[in-house]
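Asks: Structure supplied as model.pdb; contents: PDB, C-alpha atoms, pLDDT in the B column.
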ATOM      1  CA  MET A   1     -12.604   5.435  38.246  1.00 97.00           C
ATOM      2  CA  ASN A   2     -10.027   8.131  37.563  1.00 98.00           C
ATOM      3  CA  LEU A   3     -10.014  10.451  34.568  1.00 98.00           C
ATOM      4  CA  ASN A   4      -6.763  12.031  33.488  1.00 98.00           C
ATOM      5  CA  GLU A   5      -6.876  14.789  30.886  1.00 97.00           C
ATOM      6  CA  ILE A   6      -3.920  15.817  28.718  1.00 97.00           C
ATOM      7  CA  LYS A   7      -4.336  18.757  26.332  1.00 95.00           C
ATOM      8  CA  ASN A   8      -2.140  19.739  23.438  1.00 89.00           C
ATOM      9  CA  ASP A   9      -2.789  22.058  20.504  1.00 87.00           C
ATOM     10  CA  LYS A  10      -4.306  19.333  18.323  1.00 92.00           C
ATOM     11  CA  VAL A  11      -6.136  16.955  20.604  1.00 97.00           C
ATOM     12  CA  VAL A  12      -7.441  16.373  24.103  1.00 98.00           C
ATOM     13  CA  ILE A  13      -6.489  12.972  25.489  1.00 98.00           C
ATOM     14  CA  ILE A  14      -8.626  11.520  28.269  1.00 98.00           C
ATOM     15  CA  GLU A  15      -7.227   8.479  30.051  1.00 98.00           C
ATOM     16  CA  ILE A  16      -9.789   6.332  31.853  1.00 98.00           C
ATOM     17  CA  GLU A  17      -8.548   4.270  34.761  1.00 98.00           C
ATOM     18  CA  GLY A  18     -10.597   1.606  36.590  1.00 97.00           C
ATOM     19  CA  ARG A  19     -14.290   0.788  36.274  1.00 96.00           C
ATOM     20  CA  LEU A  20     -16.683   2.782  34.098  1.00 98.00           C
ATOM     21  CA  ASP A  21     -20.176   1.852  35.265  1.00 97.00           C
ATOM     22  CA  THR A  22     -23.629   3.106  36.292  1.00 96.00           C
ATOM     23  CA  THR A  23     -22.239   4.702  39.463  1.00 96.00           C
ATOM     24  CA  ASN A  24     -19.731   6.970  37.703  1.00 97.00           C
ATOM     25  CA  TYR A  25     -20.476   7.290  33.966  1.00 97.00           C
ATOM     26  CA  ASN A  26     -21.749  10.847  34.575  1.00 97.00           C
ATOM     27  CA  GLN A  27     -18.186  11.956  35.450  1.00 98.00           C
ATOM     28  CA  LEU A  28     -17.020  10.943  31.993  1.00 98.00           C
ATOM     29  CA  GLU A  29     -20.132  12.435  30.403  1.00 98.00           C
ATOM     30  CA  LYS A  30     -19.441  15.755  32.138  1.00 98.00           C
ATOM     31  CA  LYS A  31     -15.810  15.827  31.037  1.00 98.00           C
ATOM     32  CA  LEU A  32     -16.678  15.013  27.426  1.00 98.00           C
ATOM     33  CA  LEU A  33     -19.474  17.615  27.275  1.00 98.00           C
ATOM     34  CA  GLU A  34     -17.208  20.264  28.809  1.00 97.00           C
ATOM     35  CA  ASN A  35     -14.677  19.633  26.064  1.00 97.00           C
ATOM     36  CA  ILE A  36     -17.279  19.656  23.303  1.00 97.00           C
ATOM     37  CA  GLU A  37     -18.756  22.906  24.650  1.00 96.00           C
ATOM     38  CA  SER A  38     -15.251  24.442  24.727  1.00 96.00           C
ATOM     39  CA  ASN A  39     -14.997  23.576  21.040  1.00 95.00           C
ATOM     40  CA  ASN A  40     -12.480  20.753  21.575  1.00 96.00           C
ATOM     41  CA  LYS A  41     -13.664  18.557  18.738  1.00 95.00           C
ATOM     42  CA  ASN A  42     -10.696  16.218  18.596  1.00 98.00           C
ATOM     43  CA  LEU A  43     -10.811  13.762  21.454  1.00 98.00           C
ATOM     44  CA  LEU A  44      -8.773  10.642  22.096  1.00 98.00           C
ATOM     45  CA  ILE A  45      -9.937   8.304  24.833  1.00 98.00           C
ATOM     46  CA  ASP A  46      -7.189   6.049  26.156  1.00 98.00           C
ATOM     47  CA  CYS A  47      -8.788   2.942  27.655  1.00 98.00           C
ATOM     48  CA  ALA A  48      -5.557   1.051  28.452  1.00 98.00           C
ATOM     49  CA  LYS A  49      -6.242   1.241  32.191  1.00 98.00           C
ATOM     50  CA  MET A  50     -10.024   0.798  31.976  1.00 98.00           C
ATOM     51  CA  ASP A  51     -10.764  -2.713  33.228  1.00 95.00           C
ATOM     52  CA  TYR A  52     -14.570  -2.723  33.167  1.00 96.00           C
ATOM     53  CA  VAL A  53     -17.321  -1.055  31.166  1.00 97.00           C
ATOM     54  CA  SER A  54     -21.088  -1.550  31.234  1.00 97.00           C
ATOM     55  CA  SER A  55     -23.790  -0.249  28.898  1.00 96.00           C
ATOM     56  CA  SER A  56     -23.903   3.030  30.885  1.00 95.00           C
ATOM     57  CA  GLY A  57     -20.341   3.735  29.782  1.00 97.00           C
ATOM     58  CA  LEU A  58     -20.917   2.506  26.230  1.00 96.00           C
ATOM     59  CA  ARG A  59     -23.857   4.890  25.967  1.00 95.00           C
ATOM     60  CA  ILE A  60     -21.565   7.839  26.786  1.00 96.00           C
ATOM     61  CA  PHE A  61     -19.044   6.795  24.131  1.00 97.00           C
ATOM     62  CA  LEU A  62     -21.833   6.671  21.561  1.00 95.00           C
ATOM     63  CA  MET A  63     -23.253  10.018  22.674  1.00 95.00           C
ATOM     64  CA  ALA A  64     -19.821  11.640  22.277  1.00 96.00           C
ATOM     65  CA  LEU A  65     -19.215  10.003  18.913  1.00 96.00           C
ATOM     66  CA  LYS A  66     -22.551  11.287  17.584  1.00 95.00           C
ATOM     67  CA  LYS A  67     -22.037  14.827  18.857  1.00 95.00           C
ATOM     68  CA  ILE A  68     -18.440  15.121  17.670  1.00 96.00           C
ATOM     69  CA  THR A  69     -19.165  13.552  14.286  1.00 95.00           C
ATOM     70  CA  SER A  70     -21.947  16.092  13.728  1.00 94.00           C
ATOM     71  CA  LEU A  71     -19.415  18.870  14.481  1.00 96.00           C
ATOM     72  CA  ASN A  72     -16.931  17.389  11.994  1.00 96.00           C
ATOM     73  CA  GLY A  73     -14.535  16.505  14.791  1.00 97.00           C
ATOM     74  CA  LYS A  74     -12.825  13.239  15.649  1.00 97.00           C
ATOM     75  CA  PHE A  75     -13.617  10.926  18.539  1.00 98.00           C
ATOM     76  CA  VAL A  76     -11.048   8.144  18.691  1.00 98.00           C
ATOM     77  CA  LEU A  77     -10.420   5.318  21.162  1.00 98.00           C
ATOM     78  CA  CYS A  78      -7.266   3.368  21.932  1.00 98.00           C
ATOM     79  CA  GLY A  79      -5.784   0.669  24.142  1.00 98.00           C
ATOM     80  CA  LEU A  80      -8.848  -1.508  24.767  1.00 98.00           C
ATOM     81  CA  GLN A  81      -8.101  -4.453  27.030  1.00 97.00           C
ATOM     82  CA  GLU A  82      -9.058  -7.838  25.600  1.00 95.00           C
ATOM     83  CA  ASN A  83     -12.288  -8.345  27.549  1.00 94.00           C
ATOM     84  CA  ILE A  84     -13.344  -4.743  26.901  1.00 96.00           C
ATOM     85  CA  ALA A  85     -12.695  -5.207  23.173  1.00 97.00           C
ATOM     86  CA  GLU A  86     -14.999  -8.211  23.326  1.00 96.00           C
ATOM     87  CA  ILE A  87     -17.816  -6.101  24.822  1.00 96.00           C
ATOM     88  CA  PHE A  88     -17.272  -3.502  22.077  1.00 96.00           C
ATOM     89  CA  GLU A  89     -17.485  -6.250  19.473  1.00 96.00           C
ATOM     90  CA  ILE A  90     -20.731  -7.684  20.915  1.00 95.00           C
ATOM     91  CA  SER A  91     -22.212  -4.169  21.080  1.00 94.00           C
ATOM     92  CA  GLY A  92     -21.466  -3.529  17.415  1.00 92.00           C
ATOM     93  CA  PHE A  93     -19.142  -0.669  18.385  1.00 94.00           C
ATOM     94  CA  THR A  94     -16.032  -1.993  16.650  1.00 94.00           C
ATOM     95  CA  SER A  95     -17.374  -0.997  13.260  1.00 92.00           C
ATOM     96  CA  ILE A  96     -18.506   2.526  14.169  1.00 93.00           C
ATOM     97  CA  PHE A  97     -15.553   3.691  16.296  1.00 96.00           C
ATOM     98  CA  GLN A  98     -12.007   4.318  15.213  1.00 97.00           C
ATOM     99  CA  ILE A  99     -10.021   2.161  17.619  1.00 98.00           C
ATOM    100  CA  PHE A 100      -6.221   1.959  17.813  1.00 98.00           C
ATOM    101  CA  GLU A 101      -3.801  -0.149  19.769  1.00 98.00           C
ATOM    102  CA  ASN A 102      -2.146   2.692  21.646  1.00 97.00           C
ATOM    103  CA  GLN A 103      -1.913   6.482  21.938  1.00 97.00           C
ATOM    104  CA  GLU A 104       1.024   6.755  19.589  1.00 96.00           C
ATOM    105  CA  MET A 105      -0.840   5.072  16.727  1.00 97.00           C
ATOM    106  CA  ALA A 106      -4.087   6.891  17.474  1.00 97.00           C
ATOM    107  CA  LEU A 107      -2.471  10.333  17.511  1.00 96.00           C
ATOM    108  CA  LYS A 108      -1.557   9.958  13.820  1.00 96.00           C
ATOM    109  CA  VAL A 109      -5.198  10.477  12.766  1.00 95.00           C
ATOM    110  CA  PHE A 110      -5.377  14.004  14.203  1.00 94.00           C
TER     111      PHE A 110
ATOM    112  CA  MET B   1     -13.255 -40.799  31.035  1.00 46.00           C
ATOM    113  CA  TYR B   2     -15.601 -38.229  32.509  1.00 52.00           C
ATOM    114  CA  PHE B   3     -14.915 -36.040  35.435  1.00 53.00           C
ATOM    115  CA  MET B   4     -18.179 -35.919  37.335  1.00 53.00           C
ATOM    116  CA  ASP B   5     -18.847 -32.882  39.436  1.00 53.00           C
ATOM    117  CA  ASN B   6     -22.125 -33.607  41.185  1.00 56.00           C
ATOM    118  CA  ASN B   7     -21.430 -31.112  43.865  1.00 71.00           C
ATOM    119  CA  GLN B   8     -24.376 -28.706  43.926  1.00 87.00           C
ATOM    120  CA  LYS B   9     -23.678 -25.247  45.161  1.00 93.00           C
ATOM    121  CA  ASN B  10     -26.012 -22.452  46.074  1.00 95.00           C
ATOM    122  CA  LYS B  11     -25.612 -18.855  47.250  1.00 96.00           C
ATOM    123  CA  ASN B  12     -27.901 -15.888  47.781  1.00 97.00           C
ATOM    124  CA  LEU B  13     -27.401 -12.152  47.812  1.00 98.00           C
ATOM    125  CA  ARG B  14     -30.148  -9.865  49.085  1.00 98.00           C
ATOM    126  CA  LEU B  15     -30.012  -6.259  47.893  1.00 98.00           C
ATOM    127  CA  ILE B  16     -32.152  -3.154  48.088  1.00 98.00           C
ATOM    128  CA  ASN B  17     -33.134  -1.004  45.101  1.00 97.00           C
ATOM    129  CA  GLU B  18     -30.233   1.431  45.242  1.00 97.00           C
ATOM    130  CA  ILE B  19     -27.498   1.813  42.651  1.00 96.00           C
ATOM    131  CA  SER B  20     -24.869   2.014  45.417  1.00 96.00           C
ATOM    132  CA  GLN B  21     -25.479  -1.731  45.897  1.00 97.00           C
ATOM    133  CA  LEU B  22     -23.427  -2.425  42.780  1.00 97.00           C
ATOM    134  CA  SER B  23     -20.285  -2.570  44.900  1.00 96.00           C
ATOM    135  CA  ALA B  24     -21.904  -5.338  46.968  1.00 97.00           C
ATOM    136  CA  ILE B  25     -22.483  -7.251  43.721  1.00 97.00           C
ATOM    137  CA  THR B  26     -18.850  -6.794  42.685  1.00 96.00           C
ATOM    138  CA  ASP B  27     -17.584  -8.030  46.066  1.00 97.00           C
ATOM    139  CA  PHE B  28     -19.983 -10.968  45.974  1.00 97.00           C
ATOM    140  CA  VAL B  29     -18.913 -12.005  42.464  1.00 97.00           C
ATOM    141  CA  GLU B  30     -15.264 -11.788  43.453  1.00 95.00           C
ATOM    142  CA  ASN B  31     -15.875 -14.183  46.367  1.00 96.00           C
ATOM    143  CA  LEU B  32     -18.070 -16.465  44.271  1.00 96.00           C
ATOM    144  CA  VAL B  33     -15.444 -16.822  41.543  1.00 95.00           C
ATOM    145  CA  GLU B  34     -12.843 -17.746  44.160  1.00 94.00           C
ATOM    146  CA  GLU B  35     -15.031 -20.066  46.238  1.00 94.00           C
ATOM    147  CA  TRP B  36     -16.544 -21.934  43.299  1.00 94.00           C
ATOM    148  CA  GLU B  37     -13.225 -21.905  41.441  1.00 92.00           C
ATOM    149  CA  LEU B  38     -14.720 -20.256  38.365  1.00 93.00           C
ATOM    150  CA  SER B  39     -12.445 -18.877  35.657  1.00 90.00           C
ATOM    151  CA  PRO B  40     -11.231 -15.368  36.562  1.00 85.00           C
ATOM    152  CA  GLY B  41     -12.269 -14.125  33.109  1.00 85.00           C
ATOM    153  CA  LEU B  42     -15.856 -14.923  34.024  1.00 93.00           C
ATOM    154  CA  ALA B  43     -15.865 -12.334  36.819  1.00 93.00           C
ATOM    155  CA  MET B  44     -16.104  -9.383  34.450  1.00 94.00           C
ATOM    156  CA  SER B  45     -18.841 -11.035  32.374  1.00 95.00           C
ATOM    157  CA  LEU B  46     -20.865 -11.869  35.487  1.00 97.00           C
ATOM    158  CA  ASN B  47     -20.413  -8.369  36.877  1.00 97.00           C
ATOM    159  CA  LEU B  48     -21.624  -6.938  33.601  1.00 97.00           C
ATOM    160  CA  VAL B  49     -24.652  -9.230  33.385  1.00 98.00           C
ATOM    161  CA  LEU B  50     -25.600  -8.472  36.994  1.00 98.00           C
ATOM    162  CA  GLU B  51     -25.082  -4.721  36.658  1.00 98.00           C
ATOM    163  CA  GLU B  52     -27.297  -4.595  33.570  1.00 97.00           C
ATOM    164  CA  ALA B  53     -30.044  -6.738  35.121  1.00 97.00           C
ATOM    165  CA  PHE B  54     -29.919  -5.016  38.522  1.00 98.00           C
ATOM    166  CA  THR B  55     -29.848  -1.410  37.258  1.00 96.00           C
ATOM    167  CA  ASN B  56     -32.711  -2.192  34.886  1.00 95.00           C
ATOM    168  CA  VAL B  57     -34.850  -3.155  37.867  1.00 96.00           C
ATOM    169  CA  VAL B  58     -33.709  -0.240  40.045  1.00 96.00           C
ATOM    170  CA  PHE B  59     -34.378   2.341  37.324  1.00 94.00           C
ATOM    171  CA  TYR B  60     -37.548   1.009  35.745  1.00 93.00           C
ATOM    172  CA  ALA B  61     -39.393  -1.491  37.953  1.00 95.00           C
ATOM    173  CA  TYR B  62     -40.765   0.736  40.699  1.00 96.00           C
ATOM    174  CA  ASN B  63     -43.432   3.421  40.621  1.00 93.00           C
ATOM    175  CA  ASP B  64     -42.975   4.448  44.241  1.00 94.00           C
ATOM    176  CA  GLU B  65     -40.178   5.885  46.343  1.00 92.00           C
ATOM    177  CA  LYS B  66     -40.163   2.962  48.755  1.00 95.00           C
ATOM    178  CA  GLN B  67     -37.352   0.589  49.526  1.00 97.00           C
ATOM    179  CA  HIS B  68     -37.626  -2.780  47.805  1.00 98.00           C
ATOM    180  CA  VAL B  69     -35.763  -6.028  48.114  1.00 98.00           C
ATOM    181  CA  ILE B  70     -34.031  -7.536  45.087  1.00 98.00           C
ATOM    182  CA  ASP B  71     -32.806 -11.107  45.474  1.00 98.00           C
ATOM    183  CA  LEU B  72     -30.066 -12.796  43.542  1.00 98.00           C
ATOM    184  CA  ASN B  73     -29.727 -16.562  43.693  1.00 98.00           C
ATOM    185  CA  PHE B  74     -26.693 -18.318  42.241  1.00 97.00           C
ATOM    186  CA  SER B  75     -26.534 -22.049  41.786  1.00 97.00           C
ATOM    187  CA  LYS B  76     -24.028 -24.358  40.167  1.00 96.00           C
ATOM    188  CA  ASN B  77     -24.606 -27.956  39.259  1.00 94.00           C
ATOM    189  CA  GLY B  78     -21.617 -29.462  37.499  1.00 91.00           C
ATOM    190  CA  ASP B  79     -20.853 -27.109  34.639  1.00 93.00           C
ATOM    191  CA  GLN B  80     -24.263 -25.396  34.779  1.00 95.00           C
ATOM    192  CA  LEU B  81     -24.408 -21.963  36.348  1.00 97.00           C
ATOM    193  CA  LYS B  82     -27.826 -20.472  37.009  1.00 98.00           C
ATOM    194  CA  ILE B  83     -28.597 -16.980  38.251  1.00 98.00           C
ATOM    195  CA  VAL B  84     -32.102 -15.901  39.240  1.00 98.00           C
ATOM    196  CA  LEU B  85     -32.915 -12.257  39.887  1.00 98.00           C
ATOM    197  CA  THR B  86     -36.191 -11.692  41.724  1.00 98.00           C
ATOM    198  CA  ASP B  87     -37.919  -8.357  42.292  1.00 98.00           C
ATOM    199  CA  ASP B  88     -41.371  -7.192  43.343  1.00 97.00           C
ATOM    200  CA  GLY B  89     -41.561  -4.399  40.767  1.00 97.00           C
ATOM    201  CA  SER B  90     -44.138  -3.926  38.048  1.00 96.00           C
ATOM    202  CA  GLU B  91     -44.481  -6.620  35.425  1.00 96.00           C
ATOM    203  CA  TYR B  92     -41.863  -6.256  32.720  1.00 93.00           C
ATOM    204  CA  ASP B  93     -40.230  -8.781  30.452  1.00 95.00           C
ATOM    205  CA  PRO B  94     -36.826  -7.422  29.352  1.00 94.00           C
ATOM    206  CA  THR B  95     -36.272 -10.383  27.029  1.00 94.00           C
ATOM    207  CA  GLN B  96     -38.953  -8.943  24.726  1.00 93.00           C
ATOM    208  CA  LYS B  97     -36.950  -5.785  24.105  1.00 91.00           C
ATOM    209  CA  PRO B  98     -35.812  -5.751  20.469  1.00 90.00           C
ATOM    210  CA  ASP B  99     -32.077  -6.139  19.874  1.00 90.00           C
ATOM    211  CA  PRO B 100     -30.216  -2.968  18.860  1.00 90.00           C
ATOM    212  CA  ASP B 101     -30.099  -2.396  15.117  1.00 88.00           C
ATOM    213  CA  PHE B 102     -26.450  -2.290  14.006  1.00 86.00           C
ATOM    214  CA  ASP B 103     -27.225  -1.615  10.343  1.00 86.00           C
ATOM    215  CA  VAL B 104     -28.070   2.054  10.736  1.00 87.00           C
ATOM    216  CA  PRO B 105     -25.835   5.099  10.330  1.00 84.00           C
ATOM    217  CA  ILE B 106     -24.110   6.394  13.484  1.00 81.00           C
ATOM    218  CA  GLU B 107     -26.454   9.358  13.894  1.00 81.00           C
ATOM    219  CA  LYS B 108     -29.432   7.010  14.058  1.00 84.00           C
ATOM    220  CA  ARG B 109     -27.766   4.410  16.212  1.00 85.00           C
ATOM    221  CA  ASN B 110     -29.563   4.061  19.513  1.00 80.00           C
ATOM    222  CA  VAL B 111     -28.122   2.357  22.581  1.00 71.00           C
ATOM    223  CA  GLY B 112     -31.500   1.536  24.046  1.00 75.00           C
ATOM    224  CA  GLY B 113     -31.731  -2.179  24.732  1.00 83.00           C
ATOM    225  CA  LEU B 114     -27.972  -2.641  24.826  1.00 92.00           C
ATOM    226  CA  GLY B 115     -28.022  -3.828  28.456  1.00 94.00           C
ATOM    227  CA  ILE B 116     -30.372  -6.766  27.937  1.00 95.00           C
ATOM    228  CA  PHE B 117     -28.654  -7.514  24.615  1.00 95.00           C
ATOM    229  CA  LEU B 118     -25.306  -7.882  26.432  1.00 97.00           C
ATOM    230  CA  ILE B 119     -26.968 -10.216  28.965  1.00 98.00           C
ATOM    231  CA  LYS B 120     -28.376 -12.370  26.157  1.00 97.00           C
ATOM    232  CA  LYS B 121     -24.995 -12.519  24.414  1.00 96.00           C
ATOM    233  CA  ILE B 122     -22.991 -13.395  27.517  1.00 97.00           C
ATOM    234  CA  MET B 123     -25.414 -15.927  29.018  1.00 98.00           C
ATOM    235  CA  ASP B 124     -26.649 -19.015  27.142  1.00 98.00           C
ATOM    236  CA  THR B 125     -30.300 -18.676  28.094  1.00 98.00           C
ATOM    237  CA  VAL B 126     -32.314 -15.780  29.514  1.00 98.00           C
ATOM    238  CA  GLU B 127     -35.930 -16.340  30.517  1.00 98.00           C
ATOM    239  CA  TYR B 128     -38.533 -14.215  32.192  1.00 98.00           C
ATOM    240  CA  GLN B 129     -41.317 -15.410  34.470  1.00 98.00           C
ATOM    241  CA  ARG B 130     -44.030 -13.567  36.392  1.00 98.00           C
ATOM    242  CA  LYS B 131     -45.218 -15.397  39.521  1.00 97.00           C
ATOM    243  CA  ASP B 132     -46.979 -14.185  42.703  1.00 96.00           C
ATOM    244  CA  ASN B 133     -46.585 -10.528  41.699  1.00 96.00           C
ATOM    245  CA  LYS B 134     -42.844 -10.947  41.272  1.00 98.00           C
ATOM    246  CA  ASN B 135     -40.509 -10.781  38.298  1.00 98.00           C
ATOM    247  CA  TYR B 136     -38.051 -13.620  37.833  1.00 98.00           C
ATOM    248  CA  LEU B 137     -35.166 -13.284  35.415  1.00 98.00           C
ATOM    249  CA  VAL B 138     -33.554 -16.693  35.011  1.00 98.00           C
ATOM    250  CA  MET B 139     -30.160 -16.773  33.331  1.00 98.00           C
ATOM    251  CA  THR B 140     -28.008 -19.830  32.676  1.00 98.00           C
ATOM    252  CA  LYS B 141     -24.558 -20.477  31.318  1.00 98.00           C
ATOM    253  CA  THR B 142     -22.544 -23.607  30.664  1.00 97.00           C
ATOM    254  CA  LEU B 143     -19.155 -23.131  32.265  1.00 94.00           C
ATOM    255  CA  LYS B 144     -15.934 -24.142  30.617  1.00 85.00           C
ATOM    256  CA  LEU B 145     -14.347 -26.540  33.066  1.00 71.00           C
TER     257      LEU B 145
END
If you convert what's in this file into C-alpha cells, what do you get?
Replies:
Amino acid sequence: MNLNEIKNDKVVIIEIEGRLDTTNYNQLEKKLLENIESNNKNLLIDCAKMDYVSSSGLRIFLMALKKITSLNGKFVLCGLQENIAEIFEISGFTSIFQIFENQEMALKVF
Amino acid sequence: MYFMDNNQKNKNLRLINEISQLSAITDFVENLVEEWELSPGLAMSLNLVLEEAFTNVVFYAYNDEKQHVIDLNFSKNGDQLKIVLTDDGSEYDPTQKPDPDFDVPIEKRNVGGLGIFLIKKIMDTVEYQRKDNKNYLVMTKTLKL
C-alpha cells in the first residue's frame, strides 16, 4: 500500500493506493492520527486506487470518523471502487460516511 | 438442458500462525481462481473472508508464544465451494459473535465483530465445529457459473 498526502489551506487529502489490510493498516492509522494531532480536522481520503480493504482498514476509517466528528471536523471519502463500495454497504458504512464519486465533488464540502 | 460439472476439486494450504502469511493466502487465492476458473470478482471476496478468518485465529486463538499450524482446505463440487479452516487453538465459536448494531449514533458505533459479520455476508453458510481439540470453521458458497 502507498499513501500519498496532499495538503492545502483547507483540507488534507490522503490518497490510498493498493491493499489496505491487517499487515499495513497501522500506516494509515499513524498518518491519520498525526494529522488529527496537528489540528488538521478536515480530511479527504481518496480511495480511487485502493483495490482491497478488510475489517482492519474499516476500523481505522471508523476511528478517524469518530475522532474528527468529535472535534467538529470533516472526514470525507471519495472514489470507492465497485467491490469496495459493496464492502462499505455490507458494513453499514455507507450511511455514516460522506462518500463522493471523486476528489472534485468531495472538495466542495470543505 | 443442464450442464453437469461433476468434477470434484480439492486443494490445501498449510500456514503458520503469523500475520505475514496473508501474502501466501493472496497468492494461493489468485492461483485457485485461475485454476478452477472462478469469476475474478470472487478473488477479492475470498481474500477478505480468508483474511478475517485467519487473523481472528492468529490474534485470539493461542495463549502461548509457540508456532501453530493453521490448515485451509478448499473443495469444489459443481457450483458448491467449501472452505474449511482448521486450527488447534482454544475453543471459540466466532459464529456466536453478535452482529454489529448499525442503528446507533456514530460515536457509539463499534467495529467489533465486523470481521465475522463480513464472512457471514459473503459466504452462504458459516458453521463452527469443535472436534479432537481443534476448531473447524466450515464456510460454503454457491458459485455463479
Asks: Which residues are near Ala48 in chain A? Cut-off 8 Å, all atoms listed in the file, ignore same chain within fewer than 5 positions. Put them as a list in words.
Replies: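 These residues fall inside the cut-off: Glu15, Ile16, Glu17, Cys78, Gly79, Leu80, Gln81 and Asn102 of chain A.
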Asks: Given the file shown, determine the residues that the PyMOL selection byres ((chain B) within 10 of (chain A)) selects; report them as a PDB file with C-alpha atoms, in the frame of the given file.
Replies:
ATOM      1  CA  ILE B  19     -27.498   1.813  42.651  1.00 96.00           C
ATOM      2  CA  SER B  20     -24.869   2.014  45.417  1.00 96.00           C
ATOM      3  CA  GLN B  21     -25.479  -1.731  45.897  1.00 97.00           C
ATOM      4  CA  LEU B  22     -23.427  -2.425  42.780  1.00 97.00           C
ATOM      5  CA  SER B  23     -20.285  -2.570  44.900  1.00 96.00           C
ATOM      6  CA  GLY B  41     -12.269 -14.125  33.109  1.00 85.00           C
ATOM      7  CA  LEU B  42     -15.856 -14.923  34.024  1.00 93.00           C
ATOM      8  CA  MET B  44     -16.104  -9.383  34.450  1.00 94.00           C
ATOM      9  CA  SER B  45     -18.841 -11.035  32.374  1.00 95.00           C
ATOM     10  CA  ASN B  47     -20.413  -8.369  36.877  1.00 97.00           C
ATOM     11  CA  LEU B  48     -21.624  -6.938  33.601  1.00 97.00           C
ATOM     12  CA  VAL B  49     -24.652  -9.230  33.385  1.00 98.00           C
ATOM     13  CA  GLU B  51     -25.082  -4.721  36.658  1.00 98.00           C
ATOM     14  CA  GLU B  52     -27.297  -4.595  33.570  1.00 97.00           C
ATOM     15  CA  THR B  55     -29.848  -1.410  37.258  1.00 96.00           C
ATOM     16  CA  PRO B 100     -30.216  -2.968  18.860  1.00 90.00           C
ATOM     17  CA  ASP B 101     -30.099  -2.396  15.117  1.00 88.00           C
ATOM     18  CA  PHE B 102     -26.450  -2.290  14.006  1.00 86.00           C
ATOM     19  CA  ASP B 103     -27.225  -1.615  10.343  1.00 86.00           C
ATOM     20  CA  PRO B 105     -25.835   5.099  10.330  1.00 84.00           C
ATOM     21  CA  ILE B 106     -24.110   6.394  13.484  1.00 81.00           C
ATOM     22  CA  GLU B 107     -26.454   9.358  13.894  1.00 81.00           C
ATOM     23  CA  LYS B 108     -29.432   7.010  14.058  1.00 84.00           C
ATOM     24  CA  ARG B 109     -27.766   4.410  16.212  1.00 85.00           C
ATOM     25  CA  ASN B 110     -29.563   4.061  19.513  1.00 80.00           C
ATOM     26  CA  VAL B 111     -28.122   2.357  22.581  1.00 71.00           C
ATOM     27  CA  GLY B 112     -31.500   1.536  24.046  1.00 75.00           C
ATOM     28  CA  GLY B 113     -31.731  -2.179  24.732  1.00 83.00           C
ATOM     29  CA  LEU B 114     -27.972  -2.641  24.826  1.00 92.00           C
ATOM     30  CA  GLY B 115     -28.022  -3.828  28.456  1.00 94.00           C
ATOM     31  CA  ILE B 116     -30.372  -6.766  27.937  1.00 95.00           C
ATOM     32  CA  PHE B 117     -28.654  -7.514  24.615  1.00 95.00           C
ATOM     33  CA  LEU B 118     -25.306  -7.882  26.432  1.00 97.00           C
ATOM     34  CA  LYS B 121     -24.995 -12.519  24.414  1.00 96.00           C
ATOM     35  CA  ILE B 122     -22.991 -13.395  27.517  1.00 97.00           C
TER      36      ILE B 122
END
Asks: Grab the CA of Gly89 in chain B to CA of Val138 in chain B distance for me, in Å with one decimal place.
Replies: 15.8 Å
Asks: I'd like the residues picked by the PyMOL selection byres ((chain B and resi 13) around 7) written out as a PyMOL selection string, using the chain letters and numbers from the file.
Replies: chain B and resi 11-12+14-15+71-73
Asks: Could you tell me which of A:Met105, A:Leu44, A:Ile36, A:Leu28 comes closest to Lys10 in chain A if we count all atoms listed in the file?
Replies: A:Leu44
Asks: Could you tell me which of B:Leu38, B:Ile119, B:Leu81, B:Ala43 comes closest to Thr142 in chain B if we count all atoms listed in the file?
Replies: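 For Thr142 in chain B, the nearest of the candidates is B:Leu81.
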Asks: Name every residue that the PyMOL selection byres ((chain A and resi 76) around 8) selects in this structure, writing the answer as JSON, numbers by chain with chains first and numbers rising.
Replies: {"A": [43, 44, 45, 74, 75, 77, 78, 97, 98, 99, 100, 106]}
